[in-house]
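Okay, query10.tsv is below, TSV, C-alpha atoms:
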chain	number	residue	atom	x	y	z
A	1	ARG	CA	-60.06	-30.19	14.45
A	2	THR	CA	-58.08	-26.99	15.00
A	3	PRO	CA	-59.36	-23.40	14.94
A	4	MET	CA	-57.87	-23.14	11.42
A	5	PRO	CA	-60.38	-24.41	8.85
A	6	GLY	CA	-59.35	-27.65	7.16
A	7	LEU	CA	-56.50	-28.35	9.59
A	8	TRP	CA	-56.59	-31.30	11.99
A	9	GLU	CA	-54.38	-32.05	14.98
A	10	VAL	CA	-52.55	-35.38	15.17
A	11	ARG	CA	-51.08	-36.35	18.52
A	12	ILE	CA	-48.12	-38.71	18.74
A	13	GLY	CA	-47.14	-39.03	22.40
A	14	THR	CA	-46.67	-35.43	23.51
A	15	ASP	CA	-45.86	-34.22	20.00
A	16	LEU	CA	-48.42	-32.48	17.81
A	17	LEU	CA	-48.51	-32.56	14.04
A	18	TYR	CA	-51.15	-31.18	11.73
A	19	THR	CA	-52.83	-32.66	8.68
A	20	ASP	CA	-55.56	-31.95	6.17
A	21	GLU	CA	-58.95	-33.71	6.38
A	22	ARG	CA	-57.86	-36.69	4.29
A	23	GLY	CA	-54.41	-37.05	5.83
A	24	ASP	CA	-52.66	-36.40	2.52
A	25	PHE	CA	-50.35	-33.76	3.97
A	26	VAL	CA	-48.57	-33.40	7.29
A	27	VAL	CA	-47.29	-30.15	8.76
A	28	GLN	CA	-44.82	-30.08	11.63
A	29	GLY	CA	-44.52	-26.81	13.47
A	30	THR	CA	-46.29	-24.27	15.60
A	31	LEU	CA	-49.83	-23.03	15.04
A	32	VAL	CA	-50.15	-19.37	16.04
A	33	ASP	CA	-53.29	-17.24	16.20
A	34	THR	CA	-52.02	-14.06	14.52
A	35	ARG	CA	-54.79	-11.89	15.92
A	36	THR	CA	-53.92	-12.65	19.56
A	37	ARG	CA	-50.32	-13.81	18.99
A	38	THR	CA	-51.18	-16.93	20.94
A	39	ASN	CA	-49.15	-20.08	20.40
A	40	LEU	CA	-52.01	-22.56	20.04
A	41	THR	CA	-49.66	-25.55	19.79
A	42	GLU	CA	-48.00	-24.67	23.09
A	43	GLN	CA	-51.38	-24.19	24.79
A	44	ARG	CA	-52.67	-27.51	23.49
A	45	ILE	CA	-49.57	-29.42	24.58
A	46	ALA	CA	-49.87	-27.84	28.05
A	47	ARG	CA	-53.47	-29.12	28.28
A	48	LEU	CA	-52.57	-32.58	26.96
A	49	THR	CA	-49.65	-33.03	29.34
A	50	ALA	CA	-51.31	-31.57	32.45
A	51	ILE	CA	-51.02	-33.72	35.57
A	52	ASP	CA	-53.85	-33.95	38.11
A	53	PHE	CA	-52.10	-32.67	41.23
A	54	ALA	CA	-54.71	-34.30	43.49
A	55	ALA	CA	-53.86	-37.69	41.96
A	56	LEU	CA	-50.13	-37.47	42.71
A	57	PRO	CA	-49.00	-40.06	45.28
A	58	LEU	CA	-47.65	-37.47	47.71
A	59	THR	CA	-46.62	-40.15	50.21
A	60	ASP	CA	-43.86	-41.10	47.73
A	61	ALA	CA	-42.38	-37.60	47.90
A	62	MET	CA	-40.17	-35.82	50.38
A	63	VAL	CA	-41.91	-32.73	51.76
A	64	VAL	CA	-40.70	-29.35	52.90
A	65	ARG	CA	-42.95	-26.55	54.04
A	66	GLN	CA	-41.63	-23.02	53.73
A	67	GLY	CA	-43.55	-20.25	55.47
A	68	SER	CA	-47.28	-20.92	55.60
A	69	GLY	CA	-47.00	-23.65	52.94
A	70	ALA	CA	-50.23	-22.37	51.37
A	71	ARG	CA	-49.08	-22.86	47.77
A	72	ARG	CA	-48.04	-26.29	46.56
A	73	ILE	CA	-45.76	-27.64	43.85
A	74	ALA	CA	-44.38	-31.05	43.01
A	75	VAL	CA	-40.84	-31.39	41.69
A	76	PHE	CA	-39.19	-34.38	40.02
A	77	GLY	CA	-35.45	-34.31	40.64
A	78	ASP	CA	-32.41	-36.53	40.12
A	79	PRO	CA	-29.46	-36.30	42.55
A	80	ASN	CA	-27.01	-36.18	39.61
A	81	CYS	CA	-28.83	-33.37	37.80
A	82	SER	CA	-26.71	-30.20	37.70
A	83	PHE	CA	-29.76	-28.09	36.80
A	84	CYS	CA	-31.52	-29.51	39.88
A	85	ARG	CA	-28.68	-28.20	42.05
A	86	ARG	CA	-29.17	-24.65	40.80
A	87	PHE	CA	-32.94	-25.04	40.91
A	88	GLU	CA	-32.88	-26.15	44.55
A	89	ARG	CA	-31.44	-22.77	45.55
A	90	ASP	CA	-34.33	-21.06	43.75
A	91	LEU	CA	-36.81	-23.35	45.50
A	92	MET	CA	-35.31	-22.42	48.86
A	93	ALA	CA	-36.00	-18.74	48.10
A	94	LEU	CA	-39.75	-19.33	47.71
A	95	ARG	CA	-42.06	-18.30	50.54
A	96	ASP	CA	-45.36	-19.78	51.66
A	97	VAL	CA	-44.99	-22.95	49.62
A	98	THR	CA	-45.09	-26.68	50.27
A	99	ILE	CA	-42.70	-28.55	48.00
A	100	TYR	CA	-43.23	-32.24	47.26
A	101	MET	CA	-39.92	-33.53	45.95
A	102	PHE	CA	-40.19	-36.78	44.00
A	103	LEU	CA	-36.83	-38.50	43.72
A	104	TYR	CA	-36.62	-39.41	40.05
A	105	PRO	CA	-33.37	-41.34	39.45
A	106	ILE	CA	-33.13	-41.46	35.67
A	107	LEU	CA	-29.57	-40.31	34.97
A	108	GLY	CA	-27.88	-43.65	35.64
A	109	PRO	CA	-27.26	-46.34	38.27
A	110	ASP	CA	-25.44	-43.87	40.53
A	111	SER	CA	-28.63	-41.78	40.64
A	112	THR	CA	-30.54	-44.76	42.02
A	113	GLU	CA	-27.89	-45.38	44.70
A	114	LYS	CA	-27.87	-41.74	45.79
A	115	SER	CA	-31.68	-41.56	45.73
A	116	ARG	CA	-31.88	-44.64	47.94
A	117	ALA	CA	-29.41	-43.12	50.40
A	118	ILE	CA	-31.41	-39.89	50.47
A	119	TRP	CA	-34.79	-41.63	50.81
A	120	CYS	CA	-33.51	-43.84	53.63
A	121	ALA	CA	-31.82	-41.00	55.56
A	122	PRO	CA	-33.36	-39.99	58.92
A	123	ASP	CA	-34.38	-36.67	57.33
A	124	PRO	CA	-34.61	-37.26	53.57
A	125	MET	CA	-35.29	-33.64	52.60
A	126	ARG	CA	-32.32	-32.45	54.64
A	127	ALA	CA	-30.14	-35.10	52.96
A	128	TRP	CA	-31.42	-33.97	49.53
A	129	ARG	CA	-30.71	-30.31	50.20
A	130	ALA	CA	-27.31	-31.08	51.72
A	131	LEU	CA	-26.34	-32.87	48.50
A	132	MET	CA	-27.87	-30.35	46.13
A	133	VAL	CA	-26.81	-27.12	47.86
A	134	GLU	CA	-23.69	-28.03	49.83
A	135	GLY	CA	-22.43	-31.00	47.81
A	136	SER	CA	-22.46	-33.24	50.91
A	137	ALA	CA	-22.84	-36.92	50.08
A	138	PRO	CA	-25.94	-38.56	51.53
A	139	PRO	CA	-25.35	-40.85	54.51
A	140	ARG	CA	-24.81	-44.55	53.83
A	141	VAL	CA	-27.85	-46.74	54.25
A	142	ILE	CA	-27.55	-48.90	57.35
A	143	GLY	CA	-30.01	-51.73	57.72
A	144	ARG	CA	-33.21	-52.21	55.79
A	145	CYS	CA	-35.20	-49.48	54.14
A	146	ASP	CA	-38.38	-49.56	52.09
A	147	ASP	CA	-37.27	-47.78	48.92
A	148	GLY	CA	-40.23	-48.89	46.80
A	149	ALA	CA	-41.19	-45.24	46.33
A	150	LEU	CA	-38.22	-44.78	43.99
A	151	ALA	CA	-39.49	-47.36	41.50
A	152	ARG	CA	-43.02	-45.96	41.80
A	153	ASN	CA	-41.69	-42.44	41.12
A	154	VAL	CA	-39.88	-43.60	37.99
A	155	ALA	CA	-43.03	-45.35	36.77
A	156	LEU	CA	-45.08	-42.22	37.55
A	157	GLY	CA	-42.68	-39.99	35.65
A	158	GLN	CA	-42.60	-42.33	32.67
A	159	ARG	CA	-46.39	-42.54	32.62
A	160	HIS	CA	-46.53	-38.73	32.42
A	161	ARG	CA	-43.65	-38.54	29.93
A	162	ILE	CA	-41.30	-36.64	32.21
A	163	ASN	CA	-38.03	-37.10	30.38
A	164	GLY	CA	-35.81	-34.64	32.20
A	165	THR	CA	-35.14	-33.06	35.54
A	166	PRO	CA	-36.03	-30.85	37.17
A	167	ALA	CA	-39.69	-31.01	36.23
A	168	VAL	CA	-42.25	-28.96	38.15
A	169	VAL	CA	-45.97	-29.65	38.46
A	170	PHE	CA	-48.19	-26.82	39.68
A	171	GLU	CA	-51.51	-27.24	41.50
A	172	ASP	CA	-53.48	-26.38	38.36
A	173	GLY	CA	-51.83	-29.32	36.56
A	174	THR	CA	-49.51	-27.30	34.38
A	175	ARG	CA	-45.89	-28.28	34.33
A	176	ARG	CA	-42.52	-26.88	33.44
A	177	GLN	CA	-39.45	-28.75	32.37
A	178	GLY	CA	-36.04	-27.45	33.38
A	179	ALA	CA	-34.67	-25.08	35.97
A	180	VAL	CA	-37.08	-22.17	36.28
A	181	GLY	CA	-35.70	-19.08	38.05
A	182	ALA	CA	-37.14	-17.91	41.39
A	183	ALA	CA	-38.88	-14.88	39.86
A	184	GLU	CA	-40.53	-17.03	37.17
A	185	LEU	CA	-41.56	-19.59	39.80
A	186	GLU	CA	-43.21	-16.85	41.84
A	187	ARG	CA	-45.03	-15.62	38.75
A	188	LEU	CA	-46.26	-19.12	37.90
A	189	LEU	CA	-47.33	-19.77	41.49
A	190	ALA	CA	-49.32	-16.51	41.50

Final structure tokens representation of the file:
Amino acid sequence: RTPMPGLWEVRIGTDLLYTDERGDFVVQGTLVDTRTRTNLTEQRIARLTAIDFAALPLTDAMVVRQGSGARRIAVFGDPNCSFCRRFERDLMALRDVTIYMFLYPILGPDSTEKSRAIWCAPDPMRAWRALMVEGSAPPRVIGRCDDGALARNVALGQRHRINGTPAVVFEDGTRRQGAVGAAELERLLA
């Protein structure tokens, strides 16, 4: 039931539709509270798609601590994502944050190869940033490497319906899809 009398919410995946009590009519669109100018559909989707930060398998992420590291975010990124390249520069500008970078190779087979090379590098986060910021190819994998985290990250992202990169998860469970600018990131972290 929605705040609007006679209107019911129908959830299909992460999409919301609305219907009457009997299901005779379907409305697709945004429900807005005109008194407060609040987008109720957007708020509801944010609640439905929230991710429990404490439940994230942080051992499957690369970690970088900037400043005190007091604030935390998780980022899902693909090495072939052009938006991730720009976003990485904005991430580097943040202060007092710990970033958990989940390699999320979803843009093709080459993404998986690059992710494996990054994950298996002596310093994975340095290899990631070298690729994303400087365009330096990750080092070749020599010998064996346990890259099981990559498959687990893909499964995790699919379970939470993350269908694009970059995707950011904040400590309160909210998430943002796409490259968010440094100023907006700071605002959301605050």

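Taking only C-alpha atoms into account, Phe83 (chain A) lies nearest to A:Met132 out of the set A:Met132, A:Ile162, A:Arg176, A:Asp24.
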
What box, with edges along x, y and z, holds each listed atom of region 33-43 of chain A when 4 Å is added on every side, and can you state its centre and edge lengths in Å to one decimal, as AutoDock Vina command-line options?
--center_x -51.4 --center_y -18.7 --center_z 19.7 --size_x 14.8 --size_y 21.7 --size_z 18.3

Spatial neighbours of Gln43 (chain A), max dist 12 Å, all atoms listed in the file, sep filter under 4 positions, as a ChimeraX atom specification: /A:16,30-33,37-39,47-50,174-175

- prompt: What would the list of residues within 12 Å of (-57.7, -37.1, 13.8) (file frame) look like as a list of chain:residue names, if all atoms listed in the file are what count?
  reply: A:Arg1, A:Thr2, A:Gly6, A:Leu7, A:Trp8, A:Glu9, A:Val10, A:Arg11, A:Ile12, A:Leu16, A:Leu17, A:Tyr18, A:Thr19, A:Asp20, A:Glu21, A:Arg22, A:Gly23, A:Val26

- prompt: What separation in Å, quoted to one decimal, exists between CA of Arg140 (chain A) and CA of Met62 (chain A)?
  reply: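 Computed distance, CA of Arg140 (chain A) to CA of Met62 (chain A), equals 18.0 Å.
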
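Every protein or nucleic acid residue with an atom no more than 10 Å from region 120-126 of chain A, counting only C-alpha atoms and leaving out same-chain residues fewer than 2 positions away, appears here: Ala61, Met62, Val63, Val64, Tyr100, Met101, Lys114, Ser115, Arg116, Ala117, Ile118, Trp128, Arg129, Ala130, Leu131, Met132, Pro138, Pro139, Arg140, Val141, Ile142, Gly143, Arg144, Cys145, Asp146 and Asp147 of chain A.
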
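CA of Leu58 (chain A) lies 12.6 Å from CA of Glu171 (chain A).
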
query: Using only C-alpha atoms, what residues lie at most 12 Å away from (-31.8, -32.6, 36.6) (file coordinates), given as a PyMOL selection string?
result: chain A and resi 75-88+102-108+111+132+162-168+177-180

- prompt: Quick one, how far is CA of Ala46 (chain A) from CA of Arg71 (chain A)?
  reply: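 Separating CA of Ala46 (chain A) from CA of Arg71 (chain A) is a distance of 20.4 Å.
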
field: From A:Leu91, A:Leu156, A:Leu188, A:Val97, residue lying nearest Leu56 (chain A) [all atoms listed in the file]
entry: A:Leu156

task: For each of A:Phe170, A:Ser136, A:Met4, A:Arg72, take the minimum atom-to-atom distance to Thr34 (chain A), counting only C-alpha atoms, then give the residue where this is smallest.
output: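 Closest to Thr34 (chain A) of all the choices is A:Met4.
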
statement: For Ala155 (chain A), the closest of A:Leu189, A:Pro57, A:Ala70, A:Gly181 counting only C-alpha atoms is A:Pro57

Please complete region 88-123 of chain A so it has N, CA and C atoms, and hand it over as an mmCIF file, in the coordinates of the input.
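After the write, selection_32.cif holds the following:
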data_model
loop_
_atom_site.group_PDB
_atom_site.id
_atom_site.type_symbol
_atom_site.label_atom_id
_atom_site.label_comp_id
_atom_site.auth_asym_id
_atom_site.auth_seq_id
_atom_site.Cartn_x
_atom_site.Cartn_y
_atom_site.Cartn_z
ATOM 1 N N GLU A 88 -32.600 -25.986 43.122
ATOM 2 C CA GLU A 88 -32.880 -26.150 44.550
ATOM 3 C C GLU A 88 -32.670 -24.843 45.303
ATOM 4 N N ARG A 89 -31.672 -24.085 44.922
ATOM 5 C CA ARG A 89 -31.440 -22.770 45.550
ATOM 6 C C ARG A 89 -32.621 -21.835 45.293
ATOM 7 N N ASP A 90 -33.154 -21.876 44.070
ATOM 8 C CA ASP A 90 -34.330 -21.060 43.750
ATOM 9 C C ASP A 90 -35.546 -21.526 44.536
ATOM 10 N N LEU A 91 -35.690 -22.830 44.704
ATOM 11 C CA LEU A 91 -36.810 -23.350 45.500
ATOM 12 C C LEU A 91 -36.714 -22.876 46.945
ATOM 13 N N MET A 92 -35.505 -22.834 47.471
ATOM 14 C CA MET A 92 -35.310 -22.420 48.860
ATOM 15 C C MET A 92 -35.693 -20.953 49.064
ATOM 16 N N ALA A 93 -35.668 -20.161 48.001
ATOM 17 C CA ALA A 93 -36.000 -18.740 48.100
ATOM 18 C C ALA A 93 -37.511 -18.490 48.112
ATOM 19 N N LEU A 94 -38.290 -19.498 47.751
ATOM 20 C CA LEU A 94 -39.750 -19.330 47.710
ATOM 21 C C LEU A 94 -40.313 -19.214 49.127
ATOM 22 N N ARG A 95 -41.382 -18.457 49.248
ATOM 23 C CA ARG A 95 -42.060 -18.300 50.540
ATOM 24 C C ARG A 95 -43.477 -18.851 50.420
ATOM 25 N N ASP A 96 -43.977 -19.297 51.553
ATOM 26 C CA ASP A 96 -45.360 -19.780 51.660
ATOM 27 C C ASP A 96 -45.679 -20.857 50.631
ATOM 28 N N VAL A 97 -44.820 -21.858 50.584
ATOM 29 C CA VAL A 97 -44.990 -22.950 49.620
ATOM 30 C C VAL A 97 -44.677 -24.288 50.286
ATOM 31 N N THR A 98 -45.415 -25.307 49.896
ATOM 32 C CA THR A 98 -45.090 -26.680 50.270
ATOM 33 C C THR A 98 -44.547 -27.350 49.016
ATOM 34 N N ILE A 99 -43.361 -27.917 49.135
ATOM 35 C CA ILE A 99 -42.700 -28.550 48.000
ATOM 36 C C ILE A 99 -42.707 -30.062 48.225
ATOM 37 N N TYR A 100 -43.250 -30.777 47.257
ATOM 38 C CA TYR A 100 -43.230 -32.240 47.260
ATOM 39 C C TYR A 100 -42.157 -32.653 46.261
ATOM 40 N N MET A 101 -41.055 -33.168 46.784
ATOM 41 C CA MET A 101 -39.920 -33.530 45.950
ATOM 42 C C MET A 101 -39.959 -35.038 45.670
ATOM 43 N N PHE A 102 -40.195 -35.384 44.419
ATOM 44 C CA PHE A 102 -40.190 -36.780 44.000
ATOM 45 C C PHE A 102 -38.800 -37.120 43.500
ATOM 46 N N LEU A 103 -38.122 -38.028 44.200
ATOM 47 C CA LEU A 103 -36.830 -38.500 43.720
ATOM 48 C C LEU A 103 -37.086 -39.253 42.420
ATOM 49 N N TYR A 104 -36.390 -38.871 41.380
ATOM 50 C CA TYR A 104 -36.620 -39.410 40.050
ATOM 51 C C TYR A 104 -35.274 -39.804 39.430
ATOM 52 N N PRO A 105 -34.723 -40.942 39.873
ATOM 53 C CA PRO A 105 -33.370 -41.340 39.450
ATOM 54 C C PRO A 105 -33.341 -41.907 38.033
ATOM 55 N N ILE A 106 -33.114 -41.021 37.066
ATOM 56 C CA ILE A 106 -33.130 -41.460 35.670
ATOM 57 C C ILE A 106 -31.804 -41.223 34.948
ATOM 58 N N LEU A 107 -30.823 -40.661 35.636
ATOM 59 C CA LEU A 107 -29.570 -40.310 34.970
ATOM 60 C C LEU A 107 -28.481 -41.362 35.141
ATOM 61 N N GLY A 108 -28.851 -42.567 35.538
ATOM 62 C CA GLY A 108 -27.880 -43.650 35.640
ATOM 63 C C GLY A 108 -27.958 -44.389 36.957
ATOM 64 N N PRO A 109 -27.233 -45.505 37.045
ATOM 65 C CA PRO A 109 -27.260 -46.340 38.270
ATOM 66 C C PRO A 109 -26.845 -45.578 39.522
ATOM 67 N N ASP A 110 -25.889 -44.662 39.386
ATOM 68 C CA ASP A 110 -25.440 -43.870 40.530
ATOM 69 C C ASP A 110 -26.590 -43.015 41.079
ATOM 70 N N SER A 111 -27.467 -42.578 40.205
ATOM 71 C CA SER A 111 -28.630 -41.780 40.640
ATOM 72 C C SER A 111 -29.527 -42.609 41.544
ATOM 73 N N THR A 112 -29.698 -43.871 41.206
ATOM 74 C CA THR A 112 -30.540 -44.760 42.020
ATOM 75 C C THR A 112 -29.911 -44.974 43.391
ATOM 76 N N GLU A 113 -28.591 -45.184 43.424
ATOM 77 C CA GLU A 113 -27.890 -45.380 44.700
ATOM 78 C C GLU A 113 -28.011 -44.140 45.586
ATOM 79 N N LYS A 114 -27.773 -42.979 45.011
ATOM 80 C CA LYS A 114 -27.870 -41.740 45.790
ATOM 81 C C LYS A 114 -29.305 -41.489 46.244
ATOM 82 N N SER A 115 -30.268 -41.758 45.369
ATOM 83 C CA SER A 115 -31.680 -41.560 45.730
ATOM 84 C C SER A 115 -32.062 -42.476 46.887
ATOM 85 N N ARG A 116 -31.589 -43.702 46.846
ATOM 86 C CA ARG A 116 -31.880 -44.640 47.940
ATOM 87 C C ARG A 116 -31.285 -44.131 49.251
ATOM 88 N N ALA A 117 -30.057 -43.643 49.184
ATOM 89 C CA ALA A 117 -29.410 -43.120 50.400
ATOM 90 C C ALA A 117 -30.173 -41.907 50.939
ATOM 91 N N ILE A 118 -30.652 -41.063 50.052
ATOM 92 C CA ILE A 118 -31.410 -39.890 50.470
ATOM 93 C C ILE A 118 -32.745 -40.314 51.071
ATOM 94 N N TRP A 119 -33.465 -41.185 50.364
ATOM 95 C CA TRP A 119 -34.790 -41.630 50.810
ATOM 96 C C TRP A 119 -34.719 -42.331 52.169
ATOM 97 N N CYS A 120 -33.643 -43.061 52.399
ATOM 98 C CA CYS A 120 -33.510 -43.840 53.630
ATOM 99 C C CYS A 120 -32.841 -43.064 54.765
ATOM 100 N N ALA A 121 -32.446 -41.833 54.516
ATOM 101 C CA ALA A 121 -31.820 -41.000 55.560
ATOM 102 C C ALA A 121 -32.864 -40.656 56.625
ATOM 103 N N PRO A 122 -32.418 -40.376 57.857
ATOM 104 C CA PRO A 122 -33.360 -39.990 58.920
ATOM 105 C C PRO A 122 -34.222 -38.784 58.540
ATOM 106 N N ASP A 123 -33.639 -37.829 57.821
ATOM 107 C CA ASP A 123 -34.380 -36.670 57.330
ATOM 108 C C ASP A 123 -34.085 -36.555 55.833
#
